[in-house]
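What follows is the content of data_3.txt, which has compact mmCIF, C-alpha atoms:
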# COMPACT_ATOMS: atom_id res chain seq x y z
CA MET A 1 23.09 -4.74 14.91
CA VAL A 2 21.11 -6.80 17.38
CA LYS A 3 17.94 -5.76 15.63
CA ILE A 4 19.24 -7.00 12.27
CA SER A 5 20.44 -10.37 13.52
CA ILE A 6 17.10 -11.05 15.20
CA ALA A 7 15.27 -10.06 12.03
CA GLN A 8 17.44 -12.46 10.04
CA ARG A 9 16.76 -15.29 12.49
CA VAL A 10 13.04 -14.63 12.31
CA LEU A 11 13.21 -14.76 8.51
CA ALA A 12 15.20 -18.02 8.59
CA VAL A 13 12.61 -19.66 10.86
CA ASN A 14 9.89 -18.36 8.55
CA ASP A 15 11.64 -19.93 5.54
CA ASP A 16 11.77 -23.30 7.30
CA VAL A 17 8.03 -23.23 7.98
CA ALA A 18 7.41 -22.08 4.38
CA ALA A 19 9.39 -25.10 3.11
CA GLU A 20 7.23 -27.41 5.27
CA ILE A 21 4.06 -25.86 3.84
CA HIS A 22 5.37 -26.21 0.30
CA ALA A 23 6.19 -29.89 0.89
CA GLN A 24 2.76 -30.53 2.46
CA LEU A 25 1.00 -29.00 -0.56
CA ALA A 26 3.27 -30.74 -3.07
CA ARG A 27 2.42 -34.15 -1.55
CA ARG A 28 -1.21 -33.40 -2.42
CA SER A 29 -0.32 -31.98 -5.86
CA ILE A 30 -1.72 -28.59 -4.85
CA ARG A 31 0.09 -25.59 -6.29
CA CYS A 32 0.15 -22.33 -4.42
CA ILE A 33 0.13 -18.63 -5.31
CA ASN A 34 1.15 -15.83 -2.95
CA MET A 35 -0.84 -12.84 -4.27
CA MET A 36 0.38 -9.40 -3.26
CA SER A 37 -0.42 -5.78 -4.08
CA SER A 38 -0.86 -2.33 -2.69
CA ALA A 39 -4.06 -1.81 -0.68
CA GLY A 40 -7.02 -1.50 -3.01
CA ALA A 41 -5.49 -2.89 -6.20
CA GLY A 42 -8.34 -5.36 -6.45
CA LYS A 43 -6.93 -8.73 -5.33
CA THR A 44 -10.18 -9.91 -3.75
CA SER A 45 -12.29 -8.81 -6.73
CA LEU A 46 -9.88 -10.60 -9.08
CA LEU A 47 -10.15 -13.79 -7.02
CA GLU A 48 -13.96 -13.58 -6.80
CA GLU A 49 -14.27 -13.21 -10.56
CA SER A 50 -11.65 -15.92 -11.25
CA ILE A 51 -13.40 -18.41 -8.95
CA ARG A 52 -16.78 -17.71 -10.57
CA ARG A 53 -15.34 -18.27 -14.04
CA LEU A 54 -13.40 -21.38 -13.04
CA ARG A 55 -16.35 -23.17 -11.43
CA GLY A 56 -16.32 -26.77 -12.67
CA ARG A 57 -12.79 -26.40 -14.13
CA LEU A 58 -10.70 -25.71 -11.05
CA ALA A 59 -11.43 -25.78 -7.31
CA VAL A 60 -9.70 -22.81 -5.71
CA GLY A 61 -8.97 -22.47 -2.00
CA VAL A 62 -8.10 -19.06 -0.64
CA ILE A 63 -6.33 -17.99 2.53
CA GLU A 64 -7.30 -14.38 3.10
CA GLY A 65 -4.91 -12.14 4.98
CA ASP A 66 -6.34 -9.01 6.54
CA ILE A 67 -5.36 -6.70 9.34
CA GLU A 68 -8.96 -6.49 10.52
CA THR A 69 -12.36 -7.80 9.33
CA THR A 70 -13.37 -11.13 7.78
CA ALA A 71 -15.19 -9.51 4.87
CA ASP A 72 -12.85 -10.90 2.20
CA ALA A 73 -13.20 -14.56 3.19
CA GLU A 74 -16.97 -14.08 3.09
CA ARG A 75 -16.72 -12.65 -0.44
CA ILE A 76 -14.62 -15.62 -1.58
CA ALA A 77 -17.03 -18.12 -0.01
CA ALA A 78 -19.95 -16.38 -1.72
CA ALA A 79 -18.14 -16.74 -5.05
CA GLY A 80 -17.81 -20.48 -4.44
CA GLY A 81 -14.28 -20.81 -3.11
CA GLU A 82 -13.06 -22.60 0.01
CA SER A 83 -11.72 -19.87 2.26
CA VAL A 84 -10.06 -19.21 5.59
CA GLN A 85 -9.40 -15.75 7.01
CA ILE A 86 -6.25 -14.75 8.86
CA VAL A 87 -6.72 -11.53 10.82
CA THR A 88 -3.29 -10.16 11.71
CA ARG A 89 -4.45 -7.44 14.14
CA GLY A 90 -1.95 -4.87 12.94
CA ASN A 91 0.75 -6.98 11.29
CA CYS A 92 1.69 -5.59 7.89
CA HIS A 93 2.40 -8.92 6.14
CA LEU A 94 1.59 -12.62 6.42
CA GLU A 95 4.13 -15.03 7.86
CA ALA A 96 4.45 -18.75 7.20
CA THR A 97 3.32 -19.75 10.72
CA MET A 98 0.03 -17.92 10.13
CA VAL A 99 -0.45 -19.80 6.86
CA ARG A 100 0.35 -23.12 8.56
CA ASP A 101 -2.39 -22.47 11.14
CA ALA A 102 -4.86 -21.45 8.44
CA LEU A 103 -4.07 -24.53 6.31
CA SER A 104 -5.21 -26.83 9.12
CA GLN A 105 -8.69 -25.32 8.70
CA LEU A 106 -8.91 -25.87 4.93
CA ASP A 107 -10.19 -29.13 3.44
CA LEU A 108 -7.26 -29.75 1.09
CA ASP A 109 -9.04 -32.70 -0.55
CA ARG A 110 -11.47 -30.22 -2.03
CA ILE A 111 -9.01 -27.88 -3.75
CA ASP A 112 -6.73 -27.98 -6.80
CA LEU A 113 -5.10 -24.60 -6.29
CA LEU A 114 -4.37 -22.55 -3.18
CA VAL A 115 -4.16 -18.76 -3.36
CA ILE A 116 -2.86 -16.84 -0.37
CA GLU A 117 -4.10 -13.25 -0.55
CA ASN A 118 -1.53 -11.23 1.36
CA ILE A 119 -2.03 -7.96 3.28
CA GLY A 120 -2.43 -4.97 0.94
CA ASN A 121 1.10 -3.59 1.13
CA LEU A 122 3.58 -3.21 -1.72
CA VAL A 123 6.60 -3.34 0.59
CA CYS A 124 6.78 -5.72 3.55
CA PRO A 125 5.18 -8.92 2.20
CA ALA A 126 7.85 -9.26 -0.52
CA GLU A 127 10.46 -10.83 1.73
CA TRP A 128 8.28 -13.37 3.58
CA LYS A 129 7.98 -16.78 1.92
CA LEU A 130 4.70 -18.55 2.63
CA GLY A 131 5.25 -21.90 0.90
CA GLU A 132 4.09 -20.66 -2.50
CA ASP A 133 5.21 -21.87 -5.93
CA VAL A 134 4.89 -18.39 -7.42
CA LYS A 135 4.39 -14.85 -6.24
CA VAL A 136 1.87 -12.78 -8.23
CA VAL A 137 1.89 -9.00 -7.86
CA VAL A 138 -1.29 -7.15 -8.80
CA ALA A 139 -0.89 -3.54 -9.87
CA SER A 140 -3.79 -1.33 -10.84
CA THR A 141 -3.88 1.28 -13.60
CA THR A 142 -4.92 3.91 -11.05
CA GLU A 143 -1.70 3.62 -9.03
CA GLY A 144 0.63 5.23 -11.55
CA ASP A 145 2.95 3.44 -13.96
CA ASP A 146 6.09 4.20 -11.92
CA LYS A 147 5.40 1.66 -9.18
CA PRO A 148 7.94 -0.99 -10.28
CA ALA A 149 10.68 1.66 -10.14
CA LYS A 150 9.57 2.91 -6.72
CA TYR A 151 8.87 -0.47 -5.09
CA PRO A 152 11.38 -2.71 -6.90
CA GLN A 153 11.65 -5.49 -4.29
CA MET A 154 8.05 -6.58 -4.83
CA PHE A 155 8.42 -6.74 -8.62
CA ALA A 156 11.82 -8.43 -8.39
CA ALA A 157 10.43 -11.11 -6.06
CA SER A 158 7.39 -11.92 -8.22
CA GLN A 159 7.12 -14.22 -11.23
CA VAL A 160 3.83 -12.83 -12.54
CA MET A 161 2.44 -9.28 -12.71
CA VAL A 162 -1.26 -8.63 -13.23
CA VAL A 163 -2.20 -5.13 -14.39
CA ASN A 164 -5.76 -4.78 -13.10
CA LYS A 165 -8.49 -2.18 -13.86
CA ILE A 166 -7.58 -1.71 -17.54
CA ASP A 167 -11.19 -0.50 -18.03
CA LEU A 168 -10.04 2.74 -16.33
CA LEU A 169 -7.18 3.38 -18.80
CA PRO A 170 -9.13 6.10 -20.69
CA TYR A 171 -9.51 8.11 -17.48
CA VAL A 172 -6.03 7.91 -15.93
CA SER A 173 -2.46 8.74 -16.91
CA TYR A 174 -1.04 5.25 -17.14
CA ASP A 175 1.17 3.91 -19.91
CA LEU A 176 1.04 0.11 -20.14
CA GLN A 177 4.26 0.00 -22.14
CA ARG A 178 6.03 2.16 -19.58
CA VAL A 179 4.98 0.08 -16.58
CA LYS A 180 6.15 -3.09 -18.33
CA GLU A 181 9.49 -1.49 -19.15
CA PHE A 182 9.98 -0.42 -15.52
CA ALA A 183 8.96 -3.88 -14.29
CA SER A 184 11.15 -5.72 -16.81
CA ARG A 185 14.12 -3.64 -15.75
CA VAL A 186 13.94 -5.00 -12.19
CA ASN A 187 12.78 -8.44 -13.34
CA PRO A 188 13.36 -9.42 -17.00
CA ALA A 189 11.59 -12.79 -16.51
CA LEU A 190 8.30 -11.31 -15.27
CA LYS A 191 5.16 -12.62 -17.02
CA PHE A 192 2.36 -10.06 -17.61
CA PHE A 193 -1.42 -10.19 -17.66
CA GLU A 194 -3.61 -7.16 -18.37
CA LEU A 195 -7.23 -7.42 -17.35
CA SER A 196 -10.36 -5.92 -15.88
CA CYS A 197 -12.48 -7.84 -13.38
CA ARG A 198 -15.34 -5.43 -14.10
CA THR A 199 -15.55 -5.81 -17.89
CA GLY A 200 -14.00 -9.28 -18.08
CA GLU A 201 -11.39 -8.18 -20.62
CA GLY A 202 -8.27 -10.33 -20.29
CA MET A 203 -9.89 -12.69 -17.77
CA ASP A 204 -9.88 -15.70 -20.14
CA ALA A 205 -6.10 -15.64 -20.58
CA TRP A 206 -5.59 -15.27 -16.84
CA CYS A 207 -7.99 -18.10 -15.98
CA ASP A 208 -6.41 -20.37 -18.62
CA TRP A 209 -3.03 -19.69 -17.06
CA LEU A 210 -4.38 -20.56 -13.58
CA VAL A 211 -5.66 -23.89 -14.92
CA ASP A 212 -2.35 -24.67 -16.63
CA PHE A 213 -0.40 -23.59 -13.58
CA ALA A 214 -2.50 -25.77 -11.25
CA ALA A 215 -2.11 -28.74 -13.64
CA GLY A 216 1.66 -28.38 -13.37
CA GLY A 217 1.38 -29.65 -9.81
CA LYS A 218 -0.27 -32.91 -10.90
CA ASP A 219 1.64 -36.02 -11.85
CA MET B 1 9.52 -11.37 23.71
CA VAL B 2 12.95 -9.94 22.99
CA LYS B 3 11.75 -8.85 19.60
CA ILE B 4 8.88 -6.89 21.11
CA SER B 5 10.93 -5.12 23.74
CA ILE B 6 13.48 -4.02 21.15
CA ALA B 7 10.73 -2.77 18.88
CA GLN B 8 9.28 -0.76 21.76
CA ARG B 9 12.68 0.75 22.56
CA VAL B 10 13.18 1.69 18.91
CA LEU B 11 9.78 3.39 18.89
CA ALA B 12 10.57 5.26 22.12
CA VAL B 13 13.86 6.58 20.69
CA ASN B 14 11.98 7.55 17.53
CA ASP B 15 9.42 9.49 19.58
CA ASP B 16 12.20 11.43 21.33
CA VAL B 17 13.72 12.47 17.99
CA ALA B 18 10.25 13.35 16.68
CA ALA B 19 9.71 15.62 19.70
CA GLU B 20 13.05 17.37 18.95
CA ILE B 21 11.99 17.92 15.33
CA HIS B 22 8.63 19.27 16.43
CA ALA B 23 10.30 21.71 18.83
CA GLN B 24 12.80 22.82 16.16
CA LEU B 25 9.99 23.56 13.70
CA ALA B 26 7.81 25.25 16.35
CA ARG B 27 10.65 27.67 17.19
CA ARG B 28 10.50 28.79 13.56
CA SER B 29 6.67 28.83 13.48
CA ILE B 30 6.67 26.13 10.78
CA ARG B 31 3.83 23.65 11.00
CA CYS B 32 4.28 20.14 9.72
CA ILE B 33 2.11 17.52 8.01
CA ASN B 34 2.93 13.81 7.83
CA MET B 35 1.15 12.69 4.64
CA MET B 36 0.47 8.98 4.27
CA SER B 37 -1.40 6.68 1.91
CA SER B 38 -1.32 3.40 0.08
CA ALA B 39 1.10 3.27 -2.89
CA GLY B 40 -0.36 5.16 -5.83
CA ALA B 41 -3.10 7.12 -4.04
CA GLY B 42 -1.68 10.33 -5.51
CA LYS B 43 0.20 12.06 -2.69
CA THR B 44 2.87 13.53 -4.97
CA SER B 45 0.32 14.74 -7.53
CA LEU B 46 -1.71 16.33 -4.74
CA LEU B 47 1.38 18.13 -3.44
CA GLU B 48 2.44 19.28 -6.92
CA GLU B 49 -0.98 20.74 -7.61
CA SER B 50 -1.25 22.30 -4.12
CA ILE B 51 2.17 23.96 -4.43
CA ARG B 52 1.30 25.37 -7.86
CA ARG B 53 -1.96 26.83 -6.57
CA LEU B 54 -0.40 28.20 -3.38
CA ARG B 55 2.43 30.05 -5.12
CA GLY B 56 2.64 33.53 -3.56
CA ARG B 57 0.33 32.56 -0.68
CA LEU B 58 2.31 29.86 1.08
CA ALA B 59 5.85 28.53 0.71
CA VAL B 60 5.76 24.76 1.04
CA GLY B 61 8.77 22.57 1.80
CA VAL B 62 8.52 18.85 1.15
CA ILE B 63 10.51 15.92 2.47
CA GLU B 64 9.92 13.08 0.04
CA GLY B 65 10.17 9.54 1.31
CA ASP B 66 10.75 6.83 -1.24
CA ILE B 67 12.16 3.34 -1.20
CA GLU B 68 14.04 3.98 -4.43
CA THR B 69 14.31 6.84 -6.98
CA THR B 70 14.42 10.61 -6.50
CA ALA B 71 11.68 11.27 -9.06
CA ASP B 72 9.20 12.70 -6.54
CA ALA B 73 11.52 15.38 -5.16
CA GLU B 74 12.21 16.45 -8.75
CA ARG B 75 8.46 16.74 -9.40
CA ILE B 76 8.02 18.88 -6.26
CA ALA B 77 10.95 21.12 -7.21
CA ALA B 78 9.51 21.55 -10.72
CA ALA B 79 6.21 22.65 -9.15
CA GLY B 80 8.06 25.30 -7.17
CA GLY B 81 8.51 23.68 -3.76
CA GLU B 82 11.65 23.31 -1.68
CA SER B 83 12.32 19.58 -1.54
CA VAL B 84 14.64 16.96 -0.13
CA GLN B 85 14.45 13.27 -0.97
CA ILE B 86 14.95 10.47 1.52
CA VAL B 87 15.63 7.14 -0.20
CA THR B 88 15.05 4.36 2.34
CA ARG B 89 16.51 1.48 0.27
CA GLY B 90 13.87 -1.01 1.29
CA ASN B 91 12.52 0.46 4.52
CA CYS B 92 8.72 0.47 4.52
CA HIS B 93 8.20 3.69 6.51
CA LEU B 94 10.02 6.89 7.41
CA GLU B 95 11.57 7.27 10.86
CA ALA B 96 12.28 10.48 12.75
CA THR B 97 16.07 10.19 12.42
CA MET B 98 15.69 10.17 8.62
CA VAL B 99 13.58 13.32 8.81
CA ARG B 100 16.12 14.99 11.12
CA ASP B 101 18.88 14.33 8.56
CA ALA B 102 16.72 15.62 5.71
CA LEU B 103 15.75 18.76 7.65
CA SER B 104 19.40 19.83 7.83
CA GLN B 105 19.32 20.06 4.02
CA LEU B 106 16.23 22.26 3.81
CA ASP B 107 16.41 26.05 4.03
CA LEU B 108 13.81 26.51 6.77
CA ASP B 109 13.88 30.30 6.38
CA ARG B 110 12.24 29.84 3.00
CA ILE B 111 9.22 27.77 4.04
CA ASP B 112 5.96 28.35 5.92
CA LEU B 113 4.76 24.78 5.92
CA LEU B 114 6.59 21.45 5.86
CA VAL B 115 4.99 18.35 4.35
CA ILE B 116 6.62 14.98 4.86
CA GLU B 117 5.45 12.59 2.16
CA ASN B 118 5.76 9.15 3.69
CA ILE B 119 6.38 5.81 1.91
CA GLY B 120 3.29 4.55 0.08
CA ASN B 121 2.07 2.04 2.64
CA LEU B 122 -1.23 2.05 4.50
CA VAL B 123 0.12 0.02 7.41
CA CYS B 124 3.60 0.59 8.82
CA PRO B 125 3.99 4.40 8.72
CA ALA B 126 1.01 4.88 11.07
CA GLU B 127 2.95 4.19 14.24
CA TRP B 128 6.08 6.26 13.55
CA LYS B 129 5.94 9.89 14.67
CA LEU B 130 8.04 12.25 12.57
CA GLY B 131 7.59 15.55 14.44
CA GLU B 132 4.38 16.47 12.61
CA ASP B 133 1.49 18.55 13.93
CA VAL B 134 -1.05 16.48 12.01
CA LYS B 135 -1.19 13.26 10.07
CA VAL B 136 -3.10 13.39 6.78
CA VAL B 137 -4.17 10.13 5.15
CA VAL B 138 -4.89 10.22 1.40
CA ALA B 139 -7.30 7.58 0.10
CA SER B 140 -8.25 7.28 -3.53
CA THR B 141 -11.65 6.40 -4.96
CA THR B 142 -10.09 3.51 -6.87
CA GLU B 143 -8.98 1.67 -3.74
CA GLY B 144 -12.42 0.60 -2.52
CA ASP B 145 -14.51 2.27 0.17
CA ASP B 146 -13.76 -0.42 2.78
CA LYS B 147 -10.18 0.70 3.45
CA PRO B 148 -10.81 2.42 6.83
CA ALA B 149 -12.36 -0.83 8.13
CA LYS B 150 -9.48 -2.95 6.83
CA TYR B 151 -6.60 -0.65 7.78
CA PRO B 152 -8.02 1.04 10.90
CA GLN B 153 -4.73 2.06 12.55
CA MET B 154 -3.91 4.53 9.78
CA PHE B 155 -7.31 6.20 9.92
CA ALA B 156 -7.35 6.21 13.73
CA ALA B 157 -3.92 7.88 13.83
CA SER B 158 -4.79 10.63 11.31
CA GLN B 159 -6.56 13.93 11.90
CA VAL B 160 -7.41 14.60 8.25
CA MET B 161 -8.54 12.30 5.44
CA VAL B 162 -8.32 13.36 1.80
CA VAL B 163 -10.41 11.38 -0.67
CA ASN B 164 -8.51 11.83 -3.93
CA LYS B 165 -9.45 11.05 -7.57
CA ILE B 166 -13.14 11.95 -7.21
CA ASP B 167 -13.13 12.52 -10.99
CA LEU B 168 -13.11 8.70 -11.29
CA LEU B 169 -16.27 8.19 -9.18
CA PRO B 170 -18.48 7.55 -12.27
CA TYR B 171 -16.24 4.62 -13.27
CA VAL B 172 -15.66 2.81 -9.97
CA SER B 173 -17.74 1.24 -7.21
CA TYR B 174 -17.04 3.67 -4.41
CA ASP B 175 -19.57 5.18 -2.02
CA LEU B 176 -18.31 8.43 -0.47
CA GLN B 177 -20.88 8.22 2.33
CA ARG B 178 -19.83 4.66 3.13
CA VAL B 179 -16.10 5.42 3.30
CA LYS B 180 -16.78 8.34 5.63
CA GLU B 181 -18.95 6.16 7.85
CA PHE B 182 -16.22 3.51 8.06
CA ALA B 183 -13.59 6.17 8.75
CA SER B 184 -15.71 7.98 11.35
CA ARG B 185 -16.28 4.71 13.17
CA VAL B 186 -12.53 4.30 13.85
CA ASN B 187 -12.01 8.06 14.24
CA PRO B 188 -15.06 10.25 14.97
CA ALA B 189 -12.93 13.45 14.90
CA LEU B 190 -11.55 12.91 11.39
CA LYS B 191 -11.83 15.91 9.05
CA PHE B 192 -12.61 15.14 5.38
CA PHE B 193 -11.66 16.66 2.05
CA GLU B 194 -12.87 15.29 -1.30
CA LEU B 195 -10.96 16.41 -4.35
CA SER B 196 -9.42 15.69 -7.71
CA CYS B 197 -5.93 16.94 -8.61
CA ARG B 198 -6.76 16.36 -12.28
CA THR B 199 -9.95 18.41 -12.55
CA GLY B 200 -9.23 20.75 -9.63
CA GLU B 201 -12.56 20.00 -7.95
CA GLY B 202 -12.25 20.46 -4.19
CA MET B 203 -8.71 21.88 -4.42
CA ASP B 204 -9.73 25.37 -3.24
CA ALA B 205 -11.10 24.12 0.08
CA TRP B 206 -8.01 21.97 0.62
CA CYS B 207 -5.59 24.81 -0.20
CA ASP B 208 -7.50 27.23 2.04
CA TRP B 209 -7.21 24.73 4.85
CA LEU B 210 -3.44 24.41 4.26
CA VAL B 211 -3.09 28.21 4.51
CA ASP B 212 -5.16 28.36 7.71
CA PHE B 213 -3.31 25.42 9.18
CA ALA B 214 0.10 26.95 8.42
CA ALA B 215 -1.04 30.27 9.91
CA GLY B 216 -1.88 28.46 13.14
CA GLY B 217 1.84 28.00 13.71
CA LYS B 218 2.51 31.76 13.59
CA ASP B 219 2.35 34.01 16.65
Render the structure in this file as structure tokens.
Amino acid sequence: MVKISIAQRVLAVNDDVAAEIHAQLARRSIRCINMMSSAGAGKTSLLEESIRRLRGRLAVGVIEGDIETTADAERIAAAGGESVQIVTRGNCHLEATMVRDALSQLDLDRIDLLVIENIGNLVCPAEWKLGEDVKVVVASTTEGDDKPAKYPQMFAASQVMVVNKIDLLPYVSYDLQRVKEFASRVNPALKFFELSCRTGEGMDAWCDWLVDFAAGGKD
Amino acid sequence: MVKISIAQRVLAVNDDVAAEIHAQLARRSIRCINMMSSAGAGKTSLLEESIRRLRGRLAVGVIEGDIETTADAERIAAAGGESVQIVTRGNCHLEATMVRDALSQLDLDRIDLLVIENIGNLVCPAEWKLGEDVKVVVASTTEGDDKPAKYPQMFAASQVMVVNKIDLLPYVSYDLQRVKEFASRVNPALKFFELSCRTGEGMDAWCDWLVDFAAGGKD
């Protein structure tokens, strides 16, 4: 009992900080994505490729969450994005206070869109708000098409689902129709993108959506 | 501060229950594996294929951890294994008390080896003992070869690492040597298997190891 009430209080404090972050970004007309997935679904590769393609159209800032290493922030910077790394040293999800600290190190005048790349974990990050406008869950075709049924909280909490690595469809047992049915069952309003960062298939539609989404924050 | 001390107490209680489970299994000469991975790395497929191949050589019991659905226990039963499903309803890892409850529903006289398939999560399960003799981490070639550097606790806590889906190596950027170097850096004693449940490559060595490992529990 005690454990639960403390957890609830921690979540409530987190939500307050998330609301502050959201207000801070909204004042600058910056929209924010909380990107989540299982470990290895390809979030960083998707962001690298998106940033490269959006150069000149949209300035993307990225807050990179990782348990250890700063490799991802370096990859984002190399692709041309503004980036800050949060290293959680064991924590399995990002919390709003971590994002608040990271935000103070980003030059917000230089970005149109902020993406927070969460820890690779299809469970715990789902319940922690970070000040985002939307949650995007990235699922890969190599993970099995039953994931929305087995990890429903993540798919219920998200507004957008990206199916990544569609170039591997010929080599794996993965039914696109089936995964969408499972996902729609837990979240009928979920919007889908299917793409491959490696071949570029589907990247245009995704990048166009990012531009439209970011523009929605402008007056 | 309060939060931390409660978490430590919860872990200590968990370790006591895990020790009870370990003793209970040891009395029956049953050895136990705690199998962990990111979501979608292929733990259930690996167990299905192992159980099929080991029929007549080794009787495998499986405790299936899932957040929702009982699909995995049904797959294990169809492959010929004794199985019990734990549905955690949101919890991101298995705890020893859950395993103790599940054990009471398994006919231990009918099994030589117990495998606990943990929740698909490369972070949280690492610190919860379940009464196992060894922890096995399953990594797939589609997740990227940097995972041991980014999720070091899991690889440090495990004794065995299975690289699954090696049939997909021609289609992904994954360097087997590199992943082993990363993994060996956090855990120099880690034992490796490379295999594909789909093609069967590497399955013989893995199944032989399971037989030897299970025999180690016998007098």
### Task
Find the residues of chain A in contact range of chain B, meaning any atom within 10 Å when counting all atoms listed in the file, and list them as a PyMOL selection string.
chain A and resi 2-3+6-7+10+37-42+66-72+87+89-93+119-124+139-153+165+167-168+171-173+198
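Here CA of Glu181 in chain A stands at a distance of 24.7 Å from CA of Asp208 in chain A.
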For range 57-65 of chain A, list every protein, DNA or RNA residue within 8 Å, evaluated using all atoms listed in the file, and leave out those in the same chain fewer than 5 positions away; present the list as a PDB file with C-alpha atoms, keeping the file's coordinate frame.
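Okay, result00.pdb is ready:
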ATOM      1  CA  ILE A  51     -13.400 -18.410  -8.950  1.00  0.00           C
ATOM      2  CA  ASP A  72     -12.850 -10.900   2.200  1.00  0.00           C
ATOM      3  CA  ALA A  73     -13.200 -14.560   3.190  1.00  0.00           C
ATOM      4  CA  ILE A  76     -14.620 -15.620  -1.580  1.00  0.00           C
ATOM      5  CA  GLY A  81     -14.280 -20.810  -3.110  1.00  0.00           C
ATOM      6  CA  GLU A  82     -13.060 -22.600   0.010  1.00  0.00           C
ATOM      7  CA  SER A  83     -11.720 -19.870   2.260  1.00  0.00           C
ATOM      8  CA  VAL A  84     -10.060 -19.210   5.590  1.00  0.00           C
ATOM      9  CA  GLN A  85      -9.400 -15.750   7.010  1.00  0.00           C
ATOM     10  CA  ILE A  86      -6.250 -14.750   8.860  1.00  0.00           C
ATOM     11  CA  VAL A  87      -6.720 -11.530  10.820  1.00  0.00           C
ATOM     12  CA  THR A  88      -3.290 -10.160  11.710  1.00  0.00           C
ATOM     13  CA  LEU A  94       1.590 -12.620   6.420  1.00  0.00           C
ATOM     14  CA  VAL A  99      -0.450 -19.800   6.860  1.00  0.00           C
ATOM     15  CA  ALA A 102      -4.860 -21.450   8.440  1.00  0.00           C
ATOM     16  CA  LEU A 103      -4.070 -24.530   6.310  1.00  0.00           C
ATOM     17  CA  LEU A 106      -8.910 -25.870   4.930  1.00  0.00           C
ATOM     18  CA  ARG A 110     -11.470 -30.220  -2.030  1.00  0.00           C
ATOM     19  CA  ILE A 111      -9.010 -27.880  -3.750  1.00  0.00           C
ATOM     20  CA  ASP A 112      -6.730 -27.980  -6.800  1.00  0.00           C
ATOM     21  CA  LEU A 113      -5.100 -24.600  -6.290  1.00  0.00           C
ATOM     22  CA  LEU A 114      -4.370 -22.550  -3.180  1.00  0.00           C
ATOM     23  CA  VAL A 115      -4.160 -18.760  -3.360  1.00  0.00           C
ATOM     24  CA  ILE A 116      -2.860 -16.840  -0.370  1.00  0.00           C
ATOM     25  CA  GLU A 117      -4.100 -13.250  -0.550  1.00  0.00           C
ATOM     26  CA  ASN A 118      -1.530 -11.230   1.360  1.00  0.00           C
ATOM     27  CA  ILE A 119      -2.030  -7.960   3.280  1.00  0.00           C
ATOM     28  CA  VAL A 211      -5.660 -23.890 -14.920  1.00  0.00           C
TER      29      VAL A 211
END
### Task
In the coordinates of the file, take the point (-13.8, -10.4, -8.4) and a cut-off of 12 Å; then, counting only C-alpha atoms, name each qualifying protein, DNA or RNA residue as a PyMOL selection string.
chain A and resi 41-54+72+75-81+164-165+195-200+203
Would you write out those residues with C-alpha atoms, as an mmCIF file, in the frame of the given file?
data_model
loop_
_atom_site.group_PDB
_atom_site.id
_atom_site.type_symbol
_atom_site.label_atom_id
_atom_site.label_comp_id
_atom_site.auth_asym_id
_atom_site.auth_seq_id
_atom_site.Cartn_x
_atom_site.Cartn_y
_atom_site.Cartn_z
ATOM 1 C CA ALA A 41 -5.490 -2.890 -6.200
ATOM 2 C CA GLY A 42 -8.340 -5.360 -6.450
ATOM 3 C CA LYS A 43 -6.930 -8.730 -5.330
ATOM 4 C CA THR A 44 -10.180 -9.910 -3.750
ATOM 5 C CA SER A 45 -12.290 -8.810 -6.730
ATOM 6 C CA LEU A 46 -9.880 -10.600 -9.080
ATOM 7 C CA LEU A 47 -10.150 -13.790 -7.020
ATOM 8 C CA GLU A 48 -13.960 -13.580 -6.800
ATOM 9 C CA GLU A 49 -14.270 -13.210 -10.560
ATOM 10 C CA SER A 50 -11.650 -15.920 -11.250
ATOM 11 C CA ILE A 51 -13.400 -18.410 -8.950
ATOM 12 C CA ARG A 52 -16.780 -17.710 -10.570
ATOM 13 C CA ARG A 53 -15.340 -18.270 -14.040
ATOM 14 C CA LEU A 54 -13.400 -21.380 -13.040
ATOM 15 C CA ASP A 72 -12.850 -10.900 2.200
ATOM 16 C CA ARG A 75 -16.720 -12.650 -0.440
ATOM 17 C CA ILE A 76 -14.620 -15.620 -1.580
ATOM 18 C CA ALA A 77 -17.030 -18.120 -0.010
ATOM 19 C CA ALA A 78 -19.950 -16.380 -1.720
ATOM 20 C CA ALA A 79 -18.140 -16.740 -5.050
ATOM 21 C CA GLY A 80 -17.810 -20.480 -4.440
ATOM 22 C CA GLY A 81 -14.280 -20.810 -3.110
ATOM 23 C CA ASN A 164 -5.760 -4.780 -13.100
ATOM 24 C CA LYS A 165 -8.490 -2.180 -13.860
ATOM 25 C CA LEU A 195 -7.230 -7.420 -17.350
ATOM 26 C CA SER A 196 -10.360 -5.920 -15.880
ATOM 27 C CA CYS A 197 -12.480 -7.840 -13.380
ATOM 28 C CA ARG A 198 -15.340 -5.430 -14.100
ATOM 29 C CA THR A 199 -15.550 -5.810 -17.890
ATOM 30 C CA GLY A 200 -14.000 -9.280 -18.080
ATOM 31 C CA MET A 203 -9.890 -12.690 -17.770
#
What box, with edges along x, y and z, holds each listed atom of range 72-78 of chain A when 3 Å is added on every side, and can you state its centre and edge lengths in Å to one decimal, as lines of an AutoDock Vina configuration file?
center_x = -16.4
center_y = -14.5
center_z = 0.7
size_x = 13.1
size_y = 13.2
size_z = 10.9
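Taking CA of Ala18 in chain B and CA of Trp209 in chain B as endpoints, the distance between them is 24.0 Å.
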